[in-house]
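Q: Below is the file model_6.cif, with mmCIF, C-alpha atoms.
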data_my_file
loop_
_atom_site.label_atom_id
_atom_site.label_comp_id
_atom_site.auth_asym_id
_atom_site.auth_seq_id
_atom_site.Cartn_x
_atom_site.Cartn_y
_atom_site.Cartn_z
CA MET A 1 5.29 -22.34 -98.26
CA ALA A 2 8.39 -20.19 -97.67
CA ALA A 3 8.17 -18.87 -101.22
CA VAL A 4 4.62 -17.68 -100.57
CA LEU A 5 5.70 -16.00 -97.36
CA CYS A 6 8.68 -14.32 -99.07
CA ALA A 7 6.53 -13.26 -102.01
CA GLY A 8 4.07 -11.68 -99.59
CA LEU A 9 6.85 -9.88 -97.78
CA SER A 10 8.38 -8.69 -101.05
CA ALA A 11 5.01 -7.39 -102.19
CA ALA A 12 4.60 -5.57 -98.89
CA VAL A 13 8.03 -3.99 -99.14
CA TRP A 14 7.54 -2.91 -102.75
CA ALA A 15 4.08 -1.60 -101.99
CA GLY A 16 5.75 1.21 -100.06
CA ASN A 17 7.07 4.33 -101.69
CA GLY A 18 10.72 3.27 -101.33
CA ASP A 19 11.09 5.06 -97.97
CA GLY A 20 10.02 1.95 -96.08
CA ALA A 21 6.91 -0.12 -95.49
CA THR A 22 4.97 -1.42 -92.51
CA VAL A 23 4.66 -5.18 -92.34
CA TYR A 24 2.79 -7.29 -89.81
CA LYS A 25 4.19 -10.64 -88.65
CA TRP A 26 2.33 -13.37 -86.72
CA VAL A 27 2.46 -17.10 -86.04
CA ASP A 28 -0.69 -19.18 -86.60
CA ALA A 29 -1.91 -22.13 -84.52
CA HIS A 30 0.22 -24.54 -86.63
CA GLY A 31 3.45 -22.60 -86.01
CA VAL A 32 3.59 -21.12 -89.51
CA ILE A 33 4.95 -17.58 -89.70
CA HIS A 34 2.89 -15.13 -91.77
CA TYR A 35 3.63 -11.65 -93.09
CA SER A 36 1.09 -9.13 -94.33
CA ASP A 37 0.67 -5.47 -95.08
CA ARG A 38 -2.60 -5.52 -93.08
CA PRO A 39 -2.91 -5.73 -89.28
CA HIS A 40 -3.79 -9.10 -87.75
CA PRO A 41 -4.67 -10.02 -84.15
CA ASN A 42 -1.47 -10.77 -82.14
CA ALA A 43 0.70 -9.48 -85.01
CA THR A 44 3.98 -7.69 -84.44
CA LYS A 45 4.43 -4.48 -86.41
CA LEU A 46 7.69 -4.36 -88.40
CA THR A 47 9.04 -1.39 -90.31
CA ILE A 48 11.02 -2.44 -93.38
CA GLN A 49 13.48 0.03 -94.89
CA GLY A 50 13.36 0.63 -98.64
CA ALA A 51 15.44 -1.53 -100.95
CA GLN A 52 19.00 -0.53 -101.68
CA ALA A 53 19.30 0.87 -105.20
CA TYR A 54 22.19 0.93 -107.63
CA ALA A 55 22.62 3.32 -110.51
CA PRO A 56 25.29 2.29 -113.05
CA PRO A 57 27.69 4.95 -114.27
CA PRO A 58 26.70 6.62 -117.51
CA PRO A 59 27.90 4.82 -120.66
CA LEU A 60 30.93 6.11 -122.52
CA PRO A 61 30.20 8.27 -125.52
CA SER A 62 29.92 6.07 -128.61
CA ASP A 63 32.91 7.70 -130.27
CA LEU A 64 35.17 6.75 -127.30
CA SER A 65 33.92 3.21 -126.69
CA ALA A 66 34.53 2.14 -130.30
CA ALA A 67 37.97 3.71 -130.64
CA PRO A 68 40.86 1.25 -130.93
CA PRO A 69 43.66 1.60 -128.40
CA PRO A 70 46.56 3.83 -129.41
CA ALA A 71 49.24 2.11 -131.49
CA ALA A 72 51.70 2.17 -128.59
CA ALA A 73 49.24 0.23 -126.38
CA ARG A 74 48.53 -2.48 -128.98
CA PRO A 75 50.81 -5.52 -128.97
CA ALA A 76 52.63 -6.23 -132.20
CA ARG A 77 51.41 -9.31 -134.06
CA ALA A 78 53.97 -11.81 -132.86
CA TYR A 79 52.30 -15.10 -133.93
CA ASN A 80 50.98 -16.28 -137.25
CA SER A 81 48.98 -19.01 -135.52
CA CYS A 82 48.50 -21.01 -132.36
CA ARG A 83 46.57 -24.26 -131.94
CA ILE A 84 45.86 -27.15 -129.62
CA ALA A 85 47.96 -30.02 -131.06
CA GLN A 86 46.84 -32.55 -128.44
CA PRO A 87 44.20 -33.73 -127.75
CA ARG A 88 42.63 -33.71 -131.20
CA ASN A 89 39.13 -32.34 -131.65
CA GLN A 90 36.47 -35.03 -130.93
CA GLN A 91 39.16 -37.45 -129.65
CA MET A 92 38.09 -40.21 -127.22
CA LEU A 93 40.56 -40.91 -124.40
CA MET A 94 40.07 -44.39 -122.96
CA ASN A 95 40.67 -45.40 -119.34
CA VAL A 96 42.66 -42.30 -118.36
CA HIS A 97 42.55 -40.16 -115.25
CA HIS A 98 44.91 -37.46 -116.54
CA ALA A 99 45.10 -35.80 -119.95
CA THR A 100 47.89 -33.82 -121.58
CA ALA A 101 47.33 -30.79 -123.76
CA ILE A 102 50.04 -29.50 -126.07
CA VAL A 103 49.87 -26.04 -127.61
CA ARG A 104 51.84 -25.21 -130.79
CA THR A 105 52.64 -21.68 -131.92
CA ASP A 106 54.06 -20.35 -135.18
CA PRO A 107 56.73 -19.10 -134.63
CA PRO A 108 57.73 -20.99 -131.45
CA LEU A 109 56.96 -19.29 -128.15
CA LEU A 110 58.95 -16.06 -127.88
CA PRO A 111 60.86 -15.08 -124.72
CA GLY A 112 58.70 -13.20 -122.24
CA ASN A 113 55.47 -14.71 -123.57
CA ARG A 114 53.56 -17.53 -121.94
CA ILE A 115 50.72 -19.90 -122.72
CA GLN A 116 47.65 -20.11 -120.51
CA LEU A 117 45.46 -23.22 -120.83
CA PHE A 118 41.74 -23.40 -120.03
CA VAL A 119 39.97 -26.73 -119.43
CA ASP A 120 36.18 -26.60 -119.18
CA GLY A 121 36.48 -22.82 -118.78
CA ARG A 122 38.90 -22.98 -115.83
CA ARG A 123 42.50 -21.82 -116.09
CA MET A 124 45.03 -24.56 -115.42
CA PRO A 125 48.20 -23.91 -113.42
CA GLY A 126 51.39 -23.62 -115.44
CA GLU A 127 52.40 -21.68 -118.51
CA GLY A 128 52.88 -24.31 -121.23
CA PRO A 129 53.38 -25.39 -123.97
CA ALA A 130 52.46 -28.76 -122.38
CA PHE A 131 49.99 -29.24 -119.54
CA THR A 132 48.88 -32.39 -117.72
CA PHE A 133 45.66 -32.18 -115.72
CA PRO A 134 43.17 -34.55 -114.04
CA VAL A 135 40.03 -35.52 -115.97
CA TYR A 136 36.86 -37.40 -115.22
CA ARG A 137 34.62 -39.32 -117.57
CA GLY A 138 32.55 -37.24 -119.98
CA GLN A 139 32.95 -34.36 -122.40
CA HIS A 140 35.62 -31.70 -121.90
CA SER A 141 36.80 -28.59 -123.75
CA VAL A 142 40.28 -27.09 -123.92
CA SER A 143 41.53 -23.79 -125.29
CA ALA A 144 44.60 -21.62 -124.81
CA VAL A 145 45.88 -18.09 -125.19
CA VAL A 146 49.38 -16.72 -125.63
CA VAL A 147 49.98 -13.62 -123.52
CA ASN A 148 52.88 -11.21 -123.21
CA GLY A 149 54.44 -9.95 -119.97
CA PHE A 150 51.65 -7.35 -119.61
CA GLY A 151 48.91 -10.00 -119.86
CA GLN A 152 47.82 -8.87 -123.33
CA ILE A 153 46.50 -11.69 -125.51
CA LEU A 154 48.72 -12.18 -128.56
CA CYS A 155 47.12 -15.33 -129.97
CA GLU A 156 44.06 -17.44 -129.11
CA THR A 157 43.40 -21.05 -130.10
CA SER A 158 40.13 -22.57 -131.22
CA THR A 159 38.34 -24.66 -128.62
CA VAL A 160 38.92 -28.41 -128.85
CA THR A 161 36.34 -30.85 -127.49
CA PHE A 162 37.46 -34.28 -126.28
CA TYR A 163 35.85 -37.15 -124.40
CA VAL A 164 37.05 -39.35 -121.56
CA HIS A 165 35.74 -42.90 -121.23
CA GLN A 166 36.37 -44.66 -117.94
CA PRO A 167 34.80 -48.03 -117.17
CA SER A 168 32.13 -48.14 -114.50
CA ILE A 169 32.79 -50.34 -111.47
CA GLN A 170 29.22 -51.56 -111.96
CA ASN A 171 30.00 -52.90 -115.44
CA PRO A 172 29.91 -56.73 -115.21
CA HIS A 173 32.71 -56.94 -117.82
CA ASN A 174 35.04 -54.56 -115.95
CA PRO A 175 38.43 -56.34 -115.68
CA VAL A 176 39.50 -54.15 -112.74
CA HIS A 177 36.46 -54.97 -110.60
CA PRO A 178 35.01 -58.30 -111.86
CA HIS A 179 31.62 -59.30 -110.50
#
Take the structure in the file and write it out as structure tokens.
A:
Amino acid sequence: MAAVLCAGLSAAVWAGNGDGATVYKWVDAHGVIHYSDRPHPNATKLTIQGAQAYAPPPPLPSDLSAAPPPAAARPARAYNSCRIAQPRNQQMLMNVHHATAIVRTDPPLLPGNRIQLFVDGRRMPGEGPAFTFPVYRGQHSVSAVVVNGFGQILCETSTVTFYVHQPSIQNPHNPVHPH
């Protein structure tokens, strides 16, 4: 019912020329509030201001937006590779409530650089190379980036998917909570 009322109000507002619209509001015998762009007996006249508009800034010229950053602004390639060493892709972790991720880099992590870990798209506290974090049953993903002191990404791992299996307390064969 509320969706119909809101749709009617939206239509009334947009029916105006953007400078505002007149809307009539009344309550029927059942206590339901109605809005309309047409007068109704015992209706209150409301004046609705036009909708707020937003105009995005003009796009950059195509020759500027595609230009690579100047050589001085680009970080030097410091790592040949980086990868999630633990957990393994598609690994099943049984009866755990915390998982540990280990990130390996080649060469080893250089001074001033740090590793940032992301679990299910959320950044984990800490700066690696090993992270322990809480997990719940189900599917999870983990990835990491190596960044320098300016926050520039120097290396990015592939995403690893792993699964956590925890017994249900409703399982009749659960040794922790026997039935």
Q: Leaving out Pro125 of chain A and any residue of its chain fewer than 4 positions from it, which residues lie within 12 Å of it when counting all atoms listed in the file, given as a PDB file with C-alpha atoms, in the coordinates of the input?
A:
ATOM      1  CA  ARG A 114      53.560 -17.530-121.940  1.00  0.00           C
ATOM      2  CA  ILE A 115      50.720 -19.900-122.720  1.00  0.00           C
ATOM      3  CA  GLN A 116      47.650 -20.110-120.510  1.00  0.00           C
ATOM      4  CA  LEU A 117      45.460 -23.220-120.830  1.00  0.00           C
ATOM      5  CA  PHE A 118      41.740 -23.400-120.030  1.00  0.00           C
ATOM      6  CA  VAL A 119      39.970 -26.730-119.430  1.00  0.00           C
ATOM      7  CA  PRO A 129      53.380 -25.390-123.970  1.00  0.00           C
ATOM      8  CA  ALA A 130      52.460 -28.760-122.380  1.00  0.00           C
ATOM      9  CA  PHE A 131      49.990 -29.240-119.540  1.00  0.00           C
ATOM     10  CA  THR A 132      48.880 -32.390-117.720  1.00  0.00           C
ATOM     11  CA  PHE A 133      45.660 -32.180-115.720  1.00  0.00           C
ATOM     12  CA  PRO A 134      43.170 -34.550-114.040  1.00  0.00           C
TER      13      PRO A 134
END
Q: Report, in Å to a single decimal, how far apart atom CA of Cys155 of chain A and atom CA of Val96 of chain A are.
A: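 Atom CA of Cys155 of chain A lies at a distance of 29.7 Å from atom CA of Val96 of chain A.
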Q: Residues within 12 Å of Thr159 of chain A, please, as a PyMOL selection string. Count only C-alpha atoms; anything in the same chain fewer than 3 positions from it doesn't count.
A: chain A and resi 82-90+101+103+117-121+140-145+156+162
Q: Between A:Lys45, A:His40, A:His97, A:His30, which one has atoms that come closest to Val164 of chain A, using all atoms listed in the file?
A: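 Selected residue with least distance to Val164 of chain A: A:His97.
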Q: Between atom CA of Leu46 of chain A and atom CA of Thr22 of chain A, what is the spacing in Å?
A: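 Atom CA of Thr22 of chain A sits 5.7 Å away from atom CA of Leu46 of chain A.
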Q: With distances taken over all atoms listed in the file, which residue among A:Tyr136, A:Gln91, A:Val146, A:Pro111 lies nearest Thr161 of chain A?
A: A:Gln91
Q: Please report the interatomic distance between atom CA of Arg122 of chain A and atom CA of Thr105 of chain A in Å with one decimal.
A: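 Interatomic distance here is 21.2 Å.
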Q: Take the PyMOL selection byres ((chain A and resi 112) around 10), run it mentally on this structure, and tell me the resulting residues as a PyMOL selection string.
A: chain A and resi 109-111+113-114+147-150
Q: On this file, the PyMOL selection byres ((chain A and resi 35) around 6) gives some set of residues; write that set as a list in words.
A: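 Checking the PyMOL selection byres ((chain A and resi 35) around 6) against this file, the residues are Leu9, Tyr24, Lys25, His34 and Ser36 of chain A.
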Q: Counting all atoms listed in the file, figure out which residue out of A:Ala78, A:Val160, A:Leu93, A:Val23 gets nearest to Asp37 of chain A.
A: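 So, comparing all the options, the nearest one is A:Val23.
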Q: As lines of an AutoDock Vina configuration file, please report the centre and edge lengths, rounded to one decimal in Å, of the axis-aligned box that holds all listed atoms of segment 36-51 of chain A with 6 Å of padding on each of the six sides.
A:
center_x = 5.4
center_y = -5.1
center_z = -91.5
size_x = 32.1
size_y = 23.4
size_z = 30.8
Q: Have segment 151-163 of chain A completed to N, CA and C atoms, please, and pass it along as a PDB file, keeping the file's coordinate frame.
A:
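And here's part.pdb as it stands now:
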ATOM      1  N   GLY A 151      50.189  -9.295-119.902  1.00  0.00           N
ATOM      2  CA  GLY A 151      48.910 -10.000-119.860  1.00  0.00           C
ATOM      3  C   GLY A 151      48.047  -9.774-121.084  1.00  0.00           C
ATOM      4  N   GLN A 152      48.573  -9.098-122.103  1.00  0.00           N
ATOM      5  CA  GLN A 152      47.820  -8.870-123.330  1.00  0.00           C
ATOM      6  C   GLN A 152      47.805 -10.152-124.159  1.00  0.00           C
ATOM      7  N   ILE A 153      46.643 -10.483-124.701  1.00  0.00           N
ATOM      8  CA  ILE A 153      46.500 -11.690-125.510  1.00  0.00           C
ATOM      9  C   ILE A 153      47.105 -11.437-126.896  1.00  0.00           C
ATOM     10  N   LEU A 154      48.066 -12.292-127.262  1.00  0.00           N
ATOM     11  CA  LEU A 154      48.720 -12.180-128.560  1.00  0.00           C
ATOM     12  C   LEU A 154      48.156 -13.172-129.572  1.00  0.00           C
ATOM     13  N   CYS A 155      47.660 -14.307-129.088  1.00  0.00           N
ATOM     14  CA  CYS A 155      47.120 -15.330-129.970  1.00  0.00           C
ATOM     15  C   CYS A 155      46.144 -16.180-129.158  1.00  0.00           C
ATOM     16  N   GLU A 156      45.081 -16.637-129.798  1.00  0.00           N
ATOM     17  CA  GLU A 156      44.060 -17.440-129.110  1.00  0.00           C
ATOM     18  C   GLU A 156      43.720 -18.650-129.973  1.00  0.00           C
ATOM     19  N   THR A 157      43.691 -19.825-129.358  1.00  0.00           N
ATOM     20  CA  THR A 157      43.400 -21.050-130.100  1.00  0.00           C
ATOM     21  C   THR A 157      41.888 -21.238-130.253  1.00  0.00           C
ATOM     22  N   SER A 158      41.516 -22.109-131.147  1.00  0.00           N
ATOM     23  CA  SER A 158      40.130 -22.570-131.220  1.00  0.00           C
ATOM     24  C   SER A 158      39.908 -23.537-130.068  1.00  0.00           C
ATOM     25  N   THR A 159      38.661 -23.718-129.680  1.00  0.00           N
ATOM     26  CA  THR A 159      38.340 -24.660-128.620  1.00  0.00           C
ATOM     27  C   THR A 159      38.288 -26.070-129.181  1.00  0.00           C
ATOM     28  N   VAL A 160      38.906 -27.003-128.477  1.00  0.00           N
ATOM     29  CA  VAL A 160      38.920 -28.410-128.850  1.00  0.00           C
ATOM     30  C   VAL A 160      38.050 -29.155-127.845  1.00  0.00           C
ATOM     31  N   THR A 161      37.187 -30.016-128.349  1.00  0.00           N
ATOM     32  CA  THR A 161      36.340 -30.850-127.490  1.00  0.00           C
ATOM     33  C   THR A 161      36.883 -32.274-127.523  1.00  0.00           C
ATOM     34  N   PHE A 162      37.017 -32.880-126.341  1.00  0.00           N
ATOM     35  CA  PHE A 162      37.460 -34.280-126.280  1.00  0.00           C
ATOM     36  C   PHE A 162      36.622 -34.997-125.230  1.00  0.00           C
ATOM     37  N   TYR A 163      36.684 -36.317-125.270  1.00  0.00           N
ATOM     38  CA  TYR A 163      35.850 -37.150-124.400  1.00  0.00           C
ATOM     39  C   TYR A 163      36.726 -38.118-123.620  1.00  0.00           C
TER      40      TYR A 163
END
